[in-house]
file entry.cif (mmCIF, C-alpha atoms)
data_structure
#
loop_
_atom_site.label_atom_id
_atom_site.label_comp_id
_atom_site.auth_asym_id
_atom_site.auth_seq_id
_atom_site.Cartn_x
_atom_site.Cartn_y
_atom_site.Cartn_z
CA MET A 12 0.00 0.00 0.00
CA LEU A 13 2.78 2.42 0.92
CA GLU A 14 4.56 1.66 -2.35
CA ALA A 15 1.44 2.50 -4.34
CA LEU A 16 0.97 5.76 -2.45
CA ASP A 17 4.62 6.69 -2.92
CA PHE A 18 4.20 5.99 -6.63
CA LEU A 19 1.26 8.39 -6.86
CA LEU A 20 3.02 11.08 -4.85
CA LYS A 21 6.05 11.00 -7.14
CA ARG A 22 4.37 10.71 -10.54
CA ARG A 23 5.75 13.22 -13.02
CA SER A 24 5.35 13.84 -16.73
CA ILE A 25 8.40 13.68 -19.00
CA LYS A 26 8.64 16.27 -21.78
CA ALA A 27 7.98 14.78 -25.21
CA VAL A 28 11.36 16.01 -26.49
CA ASP A 29 13.07 13.99 -23.74
CA LEU A 30 11.48 10.67 -24.78
CA VAL A 31 13.44 8.18 -26.87
CA LEU A 32 13.47 4.48 -27.77
CA PRO A 33 12.63 2.00 -26.51
CA ALA A 34 8.88 2.52 -26.43
CA PRO A 35 6.37 0.01 -25.05
CA ASN A 36 6.17 -3.13 -27.16
CA ALA A 37 2.84 -4.50 -28.39
CA GLN A 38 2.19 -6.50 -25.24
CA GLU A 39 3.09 -3.61 -22.95
CA LEU A 40 0.92 -1.22 -24.94
CA GLN A 41 -1.99 -3.62 -24.58
CA VAL A 42 -1.48 -3.56 -20.81
CA ILE A 43 -1.34 0.26 -20.78
CA LEU A 44 -4.52 0.56 -22.85
CA THR A 45 -6.29 -1.99 -20.64
CA ALA A 46 -5.36 -0.03 -17.52
CA ALA A 47 -6.35 3.26 -19.18
CA ALA A 48 -9.80 1.92 -20.01
CA ARG A 49 -10.44 0.74 -16.44
CA VAL A 50 -12.11 3.92 -15.18
CA PRO A 51 -15.35 5.08 -13.55
CA ASP A 52 -17.95 5.24 -16.34
CA HIS A 53 -21.49 6.18 -15.34
CA GLY A 54 -23.90 4.22 -17.52
CA LYS A 55 -21.14 2.05 -19.02
CA VAL A 56 -21.16 4.06 -22.24
CA VAL A 57 -17.37 3.95 -22.85
CA PRO A 58 -17.12 7.58 -24.03
CA PHE A 59 -13.64 7.18 -25.50
CA TYR A 60 -11.45 5.40 -28.03
CA PHE A 61 -7.76 5.36 -28.91
CA ILE A 62 -5.69 6.11 -32.03
CA VAL A 63 -2.13 4.75 -31.94
CA PHE A 64 0.63 6.43 -33.95
CA GLU A 65 3.87 4.48 -34.19
CA GLY A 66 6.55 3.90 -36.81
CA ASP A 67 5.86 5.57 -40.16
CA ALA A 68 2.37 6.57 -39.03
CA ARG A 69 3.96 9.35 -36.95
CA ALA A 70 5.51 10.90 -40.07
CA GLN A 71 2.22 10.61 -41.94
CA ALA A 72 0.50 12.39 -39.08
CA GLY A 73 3.23 15.02 -39.20
CA ASP A 74 2.46 15.67 -42.87
CA MET A 75 -1.17 16.16 -41.92
CA ILE A 76 -0.23 18.65 -39.20
CA ALA A 77 2.14 20.53 -41.52
CA GLN A 78 -0.58 20.83 -44.15
CA ALA A 79 -2.99 22.21 -41.58
CA TYR A 80 -0.41 24.68 -40.32
CA THR A 81 0.32 25.87 -43.86
CA ARG A 82 -3.38 26.37 -44.54
CA ASN A 83 -3.69 28.49 -41.39
CA ASN A 84 -0.43 30.41 -41.82
CA ARG A 85 0.16 31.24 -45.48
CA ASP A 86 3.29 33.25 -44.69
CA ALA A 87 4.91 30.63 -42.46
CA SER A 88 8.60 29.99 -42.98
CA ALA A 89 9.86 26.65 -44.24
CA ASP A 90 11.63 26.08 -40.92
CA LYS A 91 8.42 26.61 -38.96
CA ILE A 92 6.46 24.27 -41.21
CA GLU A 93 9.10 21.57 -40.78
CA ALA A 94 8.99 22.07 -37.01
CA GLU A 95 5.24 21.45 -37.11
CA ARG A 96 5.80 18.41 -39.30
CA GLY A 97 8.01 16.95 -36.60
CA ARG A 98 5.42 17.14 -33.80
CA PHE A 99 4.78 13.40 -33.63
CA MET A 100 8.45 12.55 -34.13
CA ARG A 101 9.31 13.92 -30.70
CA SER A 102 8.69 10.52 -29.14
CA PRO A 103 8.65 6.96 -30.48
CA LEU A 104 4.99 6.42 -29.66
CA VAL A 105 1.99 8.75 -29.65
CA VAL A 106 -1.50 7.73 -28.58
CA ALA A 107 -4.51 9.96 -29.11
CA ILE A 108 -7.28 9.65 -26.54
CA ILE A 109 -10.54 10.66 -28.18
CA MET A 110 -13.63 11.59 -26.21
CA ARG A 111 -16.67 10.18 -28.02
CA GLU A 112 -20.00 11.70 -27.00
CA ARG A 113 -22.45 8.88 -26.33
CA GLN A 114 -26.23 8.98 -26.20
CA SER A 115 -27.07 8.51 -22.54
CA LYS A 116 -29.49 9.60 -19.85
CA ASN A 117 -26.51 10.81 -17.82
CA PRO A 118 -24.92 14.28 -18.17
CA LEU A 119 -22.28 14.74 -20.85
CA TRP A 120 -20.02 16.29 -18.22
CA GLU A 121 -19.71 12.88 -16.56
CA GLN A 122 -18.48 11.42 -19.83
CA VAL A 123 -15.83 14.13 -20.06
CA LEU A 124 -14.68 13.36 -16.52
CA SER A 125 -14.41 9.67 -17.36
CA VAL A 126 -12.15 10.43 -20.32
CA GLY A 127 -9.91 12.54 -18.10
CA ALA A 128 -9.53 9.49 -15.87
CA VAL A 129 -8.56 7.45 -18.95
CA ALA A 130 -5.71 9.82 -19.71
CA GLN A 131 -4.48 9.82 -16.11
CA ASN A 132 -4.59 6.03 -15.94
CA PHE A 133 -2.64 5.90 -19.18
CA LEU A 134 0.10 8.07 -17.68
CA LEU A 135 0.22 5.99 -14.51
CA ALA A 136 0.44 2.73 -16.44
CA CYS A 137 3.33 4.07 -18.53
CA ASP A 138 5.13 5.13 -15.38
CA ALA A 139 4.51 1.77 -13.71
CA LEU A 140 6.14 -0.02 -16.65
CA GLY A 141 9.16 2.26 -16.50
CA TYR A 142 8.30 4.54 -19.40
CA GLY A 143 7.96 8.29 -19.51
CA ALA A 144 4.91 10.03 -20.92
CA GLN A 145 3.46 13.49 -21.48
CA TRP A 146 -0.17 14.41 -22.06
CA LEU A 147 -0.49 17.30 -24.53
CA THR A 148 -3.16 18.83 -26.71
CA GLU A 149 -1.57 21.75 -28.63
CA TRP A 150 -3.27 23.63 -31.46
CA TYR A 151 -3.80 20.74 -33.86
CA ALA A 152 -6.08 18.94 -31.40
CA TYR A 153 -8.66 21.63 -32.21
CA ASP A 154 -7.93 22.19 -35.90
CA GLU A 155 -10.81 21.16 -38.16
CA TYR A 156 -8.52 20.06 -41.01
CA VAL A 157 -6.57 17.77 -38.68
CA ARG A 158 -9.75 16.47 -37.07
CA ASP A 159 -11.21 15.62 -40.48
CA ALA A 160 -8.00 13.98 -41.65
CA MET A 161 -7.97 11.81 -38.52
CA GLY A 162 -11.57 10.74 -39.17
CA LEU A 163 -13.15 12.59 -36.27
CA ASP A 164 -16.70 13.94 -36.46
CA ALA A 165 -18.94 16.28 -34.49
CA HIS A 166 -19.30 13.77 -31.64
CA ASP A 167 -15.53 13.52 -31.11
CA ALA A 168 -13.04 15.67 -29.24
CA VAL A 169 -9.32 15.12 -28.74
CA ALA A 170 -8.78 14.71 -25.01
CA GLY A 171 -5.07 14.65 -25.65
CA PHE A 172 -2.12 13.17 -27.45
CA ILE A 173 0.05 11.18 -25.07
CA TYR A 174 3.71 10.95 -26.03
CA VAL A 175 5.47 7.85 -24.75
CA GLY A 176 9.03 6.57 -24.63
CA THR A 177 12.04 6.13 -22.40
CA ALA A 178 13.11 9.21 -20.46
CA LEU A 179 16.49 10.68 -21.38
CA LYS A 180 16.78 12.23 -17.93
CA ALA A 181 14.92 12.55 -14.68
CA PRO A 182 12.40 15.41 -14.78
CA GLU A 183 12.64 18.41 -12.51
CA GLU A 184 9.85 18.71 -9.97
CA ARG A 185 7.39 21.56 -10.46
CA GLU A 186 5.27 23.51 -8.02
CA ARG A 187 2.22 21.61 -6.82
CA PRO A 188 -1.07 22.93 -5.41
CA ASP A 189 -1.02 24.40 -1.93
CA LEU A 190 -3.68 22.38 -0.13
CA ASP A 191 -4.22 25.20 2.36
CA LEU A 192 -5.69 27.20 -0.53
CA ILE A 193 -8.10 24.56 -1.84
CA VAL A 194 -9.12 22.19 0.99
CA ASN A 195 -12.33 23.00 2.85
CA HIS A 196 -13.97 21.31 5.82
CA TRP A 197 -17.70 21.79 5.71
CA SER A 198 -19.19 23.24 8.89
CA GLY A 199 -22.69 23.99 7.75
CA GLN A 200 -24.47 26.41 5.49
CA ASN A 201 -22.49 29.54 4.54
CA THR A 202 -19.15 27.91 5.28
CA PRO A 203 -16.57 30.27 3.74
CA LEU A 204 -14.85 28.38 0.93
CA LYS A 205 -11.25 28.59 -0.17
CA LYS A 206 -11.57 28.16 -3.93
CA GLY A 207 -7.95 28.63 -4.94
CA ASP A 208 -8.61 31.68 -7.09
CA VAL A 209 -4.94 32.59 -6.74
CA TYR A 210 -4.36 30.01 -9.47
CA ASN A 211 -6.35 31.92 -12.10
CA ARG A 212 -4.24 32.53 -15.21
CA ASP A 213 -4.94 35.82 -16.95
CA LYS A 214 -3.62 34.70 -20.33
CA PHE A 215 -6.43 32.16 -20.76
CA ASP A 216 -10.06 33.07 -21.36
CA PHE A 217 -12.42 31.50 -18.86
CA PRO A 218 -14.85 29.28 -20.83
CA PRO A 219 -18.52 30.00 -20.14
CA MET A 220 -20.49 27.33 -18.34
CA GLY A 221 -22.22 24.99 -20.73
CA VAL A 222 -19.45 24.93 -23.31
CA ARG A 223 -18.51 21.31 -23.90
CA PHE A 224 -14.89 21.65 -24.90
CA SER A 225 -12.62 24.69 -24.51
CA LYS A 226 -9.28 25.25 -26.23
CA ASP A 227 -6.41 24.81 -23.84
CA VAL A 228 -2.95 23.28 -23.69
CA SER A 229 -2.53 20.41 -21.24
CA GLY A 230 0.55 18.83 -19.79
CA ASP A 231 2.42 18.81 -16.53
#
call {"tool": "encode", "arguments": {"input": "entry.cif", "output": "structure tokens"}}
result
Amino acid sequence: MLEALDFLLKRRSIKAVDLVLPAPNAQELQVILTAAARVPDHGKVVPFYFIVFEGDARAQAGDMIAQAYTRNNRDASADKIEAERGRFMRSPLVVAIIMRERQSKNPLWEQVLSVGAVAQNFLLACDALGYGAQWLTEWYAYDEYVRDAMGLDAHDAVAGFIYVGTALKAPEERERPDLDLIVNHWSGQNTPLKKGDVYNRDKFDFPPMGVRFSKDVSGD
């Protein structure tokens, strides 16, 4: 039990650019995907699926991203376009976790939460097998050209691209939430709540309530 808790307390993402071969083999990837899919899922609707990019498929995906970037940035330099083309080449394995909206009597928000748990389980499983991983979205997760080229439709949203490989170096720790700013002990109606508003980031627009998916960049 203490080993499992220590594992959770020390989990850390590895930057995609610091991930190299070897990547999980087919059997290990199957284990990771199995663990990722073992999440709370109200209504058993399985509101997610996976797209695996490995080998030459990463370069093909890079061509798709470069084409989208060129369409959006007509004056982009050749160097910048090539940098975009290399997005999926940063690690030996990339897995897209796609949120698939399912017809259900339960709120869509609960499906979104379930998919977030899928991504976290994926990271934990990679770590448990000795691999590094980083969960990213970046602009192309929201680009309509890329979405169409991947085969996504109006019921799909990219929860993230998870980059996987062997870590070149140990990651530096980053600042973690101050529990004194976000933990509340209920003492009845009108309990003053510490909501952690100090963590608001001015550079991001706050999405209005009711919006299903907001553009953001994930990763820690």
call {"tool": "closest_residue", "arguments": {"input": "entry.cif", "among": "A:Thr202, A:Asn195, A:Thr45, A:Gln71", "to": "Arg98 in chain A", "atoms": "only C-alpha atoms"}}
result
A:Gln71
call {"tool": "closest_residue", "arguments": {"input": "entry.cif", "among": "A:Gln122, A:Thr177, A:Thr81, A:Ser88", "to": "Pro35 in chain A", "atoms": "all atoms listed in the file"}}
result
A:Thr177
call {"tool": "residues_around", "arguments": {"input": "entry.cif", "residues": "Val105 in chain A", "least_positions_apart": "4", "cutoff": "8 Å", "atoms": "all atoms listed in the file", "output": "compact mmCIF listing (two decimals) with C-alpha atoms, in the frame of the given file"}}
result
# COMPACT_ATOMS: atom_id res chain seq x y z
CA VAL A 63 -2.13 4.75 -31.94
CA PHE A 64 0.63 6.43 -33.95
CA GLU A 65 3.87 4.48 -34.19
CA ARG A 69 3.96 9.35 -36.95
CA PHE A 99 4.78 13.40 -33.63
CA PHE A 172 -2.12 13.17 -27.45
CA ILE A 173 0.05 11.18 -25.07
CA TYR A 174 3.71 10.95 -26.03
CA VAL A 175 5.47 7.85 -24.75
call {"tool": "resolve_selection", "arguments": {"input": "entry.cif", "expression": "the PyMOL selection byres ((chain A and resi 133) around 9)", "output": "list in words"}}
result
Ile43, Leu44, Thr45, Ala46, Ala47, Ala48, Ala128, Val129, Ala130, Gln131, Asn132, Leu134, Leu135, Ala136, Cys137, Asp138, Ala144 and Ile173 of chain A
call {"tool": "atom_distance", "arguments": {"input": "entry.cif", "atom1": "CA of Met75 in chain A", "atom2": "CA of Gly162 in chain A"}}
result
12.0 Å
call {"tool": "closest_residue", "arguments": {"input": "entry.cif", "among": "A:Trp146, A:Ser102, A:Pro51, A:Asp90", "to": "Pro33 in chain A", "atoms": "all atoms listed in the file"}}
result
A:Ser102
call {"tool": "resolve_selection", "arguments": {"input": "entry.cif", "expression": "the PyMOL selection byres ((chain A and resi 107) around 6)", "output": "PDB file with C-alpha atoms, in the frame of the given file"}}
result
ATOM      1  CA  PHE A  61      -7.760   5.360 -28.910  1.00  0.00           C
ATOM      2  CA  ILE A  62      -5.690   6.110 -32.030  1.00  0.00           C
ATOM      3  CA  VAL A 106      -1.500   7.730 -28.580  1.00  0.00           C
ATOM      4  CA  ILE A 108      -7.280   9.650 -26.540  1.00  0.00           C
ATOM      5  CA  GLY A 171      -5.070  14.650 -25.650  1.00  0.00           C
ATOM      6  CA  PHE A 172      -2.120  13.170 -27.450  1.00  0.00           C
TER       7      PHE A 172
END
call {"tool": "residues_around", "arguments": {"input": "entry.cif", "residues": "Val157 in chain A", "least_positions_apart": "2", "cutoff": "12 Å", "atoms": "all atoms listed in the file", "output": "number ranges by chain"}}
result
A: 71-83, 149-155, 159-164, 168-169
call {"tool": "atom_distance", "arguments": {"input": "entry.cif", "atom1": "CA of Asn201 in chain A", "atom2": "CA of Asp189 in chain A"}}
result
23.0 Å
call {"tool": "atom_distance", "arguments": {"input": "entry.cif", "atom1": "CA of Leu124 in chain A", "atom2": "CA of Asn36 in chain A"}}
result
28.6 Å
call {"tool": "axis_aligned_box", "arguments": {"input": "entry.cif", "around": "range 142-147 of chain A", "padding_each_side": "6 Å", "output": "AutoDock Vina command-line options"}}
result
--center_x 3.9 --center_y 10.9 --center_z -22.0 --size_x 20.8 --size_y 24.8 --size_z 17.1
call {"tool": "closest_residue", "arguments": {"input": "entry.cif", "among": "A:Val126, A:Val57, A:Leu140, A:Leu192", "to": "Val42 in chain A", "atoms": "all atoms listed in the file"}}
result
A:Leu140
call {"tool": "residues_around", "arguments": {"input": "entry.cif", "residues": "Lys26 in chain A", "least_positions_apart": "2", "cutoff": "6 Å", "atoms": "all atoms listed in the file", "output": "number ranges by chain"}}
result
A: 28-29, 145
call {"tool": "closest_residue", "arguments": {"input": "entry.cif", "among": "A:Thr148, A:Gln41, A:Ser125, A:Ser115", "to": "Ala27 in chain A", "atoms": "all atoms listed in the file"}}
result
A:Thr148
call {"tool": "closest_residue", "arguments": {"input": "entry.cif", "among": "A:Ala181, A:Ala139, A:Ile193, A:Leu204", "to": "Leu19 in chain A", "atoms": "all atoms listed in the file"}}
result
A:Ala139
call {"tool": "residues_near_point", "arguments": {"input": "entry.cif", "point": "(-12.0, 30.1, -4.2)", "cutoff": "12 Å", "atoms": "all atoms listed in the file", "output": "list in words"}}
result
Asp191, Leu192, Ile193, Val194, Asn195, Pro203, Leu204, Lys205, Lys206, Gly207, Asp208, Val209, Tyr210 and Asn211 of chain A
call {"tool": "decode", "arguments": {"input": "entry.cif", "residues": "range 24-154 of chain A", "atoms": "C-alpha atoms", "output": "short mmCIF file (atom, residue, chain, number, x, y, z; two decimals), in the first residue's frame"}}
result
data_model
loop_
_atom_site.label_atom_id
_atom_site.label_comp_id
_atom_site.auth_asym_id
_atom_site.auth_seq_id
_atom_site.Cartn_x
_atom_site.Cartn_y
_atom_site.Cartn_z
CA SER A 24 5.35 13.84 -16.73
CA ILE A 25 8.40 13.68 -19.00
CA LYS A 26 8.64 16.27 -21.78
CA ALA A 27 7.98 14.78 -25.21
CA VAL A 28 11.36 16.01 -26.49
CA ASP A 29 13.07 13.99 -23.74
CA LEU A 30 11.48 10.67 -24.78
CA VAL A 31 13.44 8.18 -26.87
CA LEU A 32 13.47 4.48 -27.77
CA PRO A 33 12.63 2.00 -26.51
CA ALA A 34 8.88 2.52 -26.43
CA PRO A 35 6.37 0.01 -25.05
CA ASN A 36 6.17 -3.13 -27.16
CA ALA A 37 2.84 -4.50 -28.39
CA GLN A 38 2.19 -6.50 -25.24
CA GLU A 39 3.09 -3.61 -22.95
CA LEU A 40 0.92 -1.22 -24.94
CA GLN A 41 -1.99 -3.62 -24.58
CA VAL A 42 -1.48 -3.56 -20.81
CA ILE A 43 -1.34 0.26 -20.78
CA LEU A 44 -4.52 0.56 -22.85
CA THR A 45 -6.29 -1.99 -20.64
CA ALA A 46 -5.36 -0.03 -17.52
CA ALA A 47 -6.35 3.26 -19.18
CA ALA A 48 -9.80 1.92 -20.01
CA ARG A 49 -10.44 0.74 -16.44
CA VAL A 50 -12.11 3.92 -15.18
CA PRO A 51 -15.35 5.08 -13.55
CA ASP A 52 -17.95 5.24 -16.34
CA HIS A 53 -21.49 6.18 -15.34
CA GLY A 54 -23.90 4.22 -17.52
CA LYS A 55 -21.14 2.05 -19.02
CA VAL A 56 -21.16 4.06 -22.24
CA VAL A 57 -17.37 3.95 -22.85
CA PRO A 58 -17.12 7.58 -24.03
CA PHE A 59 -13.64 7.18 -25.50
CA TYR A 60 -11.45 5.40 -28.03
CA PHE A 61 -7.76 5.36 -28.91
CA ILE A 62 -5.69 6.11 -32.03
CA VAL A 63 -2.13 4.75 -31.94
CA PHE A 64 0.63 6.43 -33.95
CA GLU A 65 3.87 4.48 -34.19
CA GLY A 66 6.55 3.90 -36.81
CA ASP A 67 5.86 5.57 -40.16
CA ALA A 68 2.37 6.57 -39.03
CA ARG A 69 3.96 9.35 -36.95
CA ALA A 70 5.51 10.90 -40.07
CA GLN A 71 2.22 10.61 -41.94
CA ALA A 72 0.50 12.39 -39.08
CA GLY A 73 3.23 15.02 -39.20
CA ASP A 74 2.46 15.67 -42.87
CA MET A 75 -1.17 16.16 -41.92
CA ILE A 76 -0.23 18.65 -39.20
CA ALA A 77 2.14 20.53 -41.52
CA GLN A 78 -0.58 20.83 -44.15
CA ALA A 79 -2.99 22.21 -41.58
CA TYR A 80 -0.41 24.68 -40.32
CA THR A 81 0.32 25.87 -43.86
CA ARG A 82 -3.38 26.37 -44.54
CA ASN A 83 -3.69 28.49 -41.39
CA ASN A 84 -0.43 30.41 -41.82
CA ARG A 85 0.16 31.24 -45.48
CA ASP A 86 3.29 33.25 -44.69
CA ALA A 87 4.91 30.63 -42.46
CA SER A 88 8.60 29.99 -42.98
CA ALA A 89 9.86 26.65 -44.24
CA ASP A 90 11.63 26.08 -40.92
CA LYS A 91 8.42 26.61 -38.96
CA ILE A 92 6.46 24.27 -41.21
CA GLU A 93 9.10 21.57 -40.78
CA ALA A 94 8.99 22.07 -37.01
CA GLU A 95 5.24 21.45 -37.11
CA ARG A 96 5.80 18.41 -39.30
CA GLY A 97 8.01 16.95 -36.60
CA ARG A 98 5.42 17.14 -33.80
CA PHE A 99 4.78 13.40 -33.63
CA MET A 100 8.45 12.55 -34.13
CA ARG A 101 9.31 13.92 -30.70
CA SER A 102 8.69 10.52 -29.14
CA PRO A 103 8.65 6.96 -30.48
CA LEU A 104 4.99 6.42 -29.66
CA VAL A 105 1.99 8.75 -29.65
CA VAL A 106 -1.50 7.73 -28.58
CA ALA A 107 -4.51 9.96 -29.11
CA ILE A 108 -7.28 9.65 -26.54
CA ILE A 109 -10.54 10.66 -28.18
CA MET A 110 -13.63 11.59 -26.21
CA ARG A 111 -16.67 10.18 -28.02
CA GLU A 112 -20.00 11.70 -27.00
CA ARG A 113 -22.45 8.88 -26.33
CA GLN A 114 -26.23 8.98 -26.20
CA SER A 115 -27.07 8.51 -22.54
CA LYS A 116 -29.49 9.60 -19.85
CA ASN A 117 -26.51 10.81 -17.82
CA PRO A 118 -24.92 14.28 -18.17
CA LEU A 119 -22.28 14.74 -20.85
CA TRP A 120 -20.02 16.29 -18.22
CA GLU A 121 -19.71 12.88 -16.56
CA GLN A 122 -18.48 11.42 -19.83
CA VAL A 123 -15.83 14.13 -20.06
CA LEU A 124 -14.68 13.36 -16.52
CA SER A 125 -14.41 9.67 -17.36
CA VAL A 126 -12.15 10.43 -20.32
CA GLY A 127 -9.91 12.54 -18.10
CA ALA A 128 -9.53 9.49 -15.87
CA VAL A 129 -8.56 7.45 -18.95
CA ALA A 130 -5.71 9.82 -19.71
CA GLN A 131 -4.48 9.82 -16.11
CA ASN A 132 -4.59 6.03 -15.94
CA PHE A 133 -2.64 5.90 -19.18
CA LEU A 134 0.10 8.07 -17.68
CA LEU A 135 0.22 5.99 -14.51
CA ALA A 136 0.44 2.73 -16.44
CA CYS A 137 3.33 4.07 -18.53
CA ASP A 138 5.13 5.13 -15.38
CA ALA A 139 4.51 1.77 -13.71
CA LEU A 140 6.14 -0.02 -16.65
CA GLY A 141 9.16 2.26 -16.50
CA TYR A 142 8.30 4.54 -19.40
CA GLY A 143 7.96 8.29 -19.51
CA ALA A 144 4.91 10.03 -20.92
CA GLN A 145 3.46 13.49 -21.48
CA TRP A 146 -0.17 14.41 -22.06
CA LEU A 147 -0.49 17.30 -24.53
CA THR A 148 -3.16 18.83 -26.71
CA GLU A 149 -1.57 21.75 -28.63
CA TRP A 150 -3.27 23.63 -31.46
CA TYR A 151 -3.80 20.74 -33.86
CA ALA A 152 -6.08 18.94 -31.40
CA TYR A 153 -8.66 21.63 -32.21
CA ASP A 154 -7.93 22.19 -35.90
#
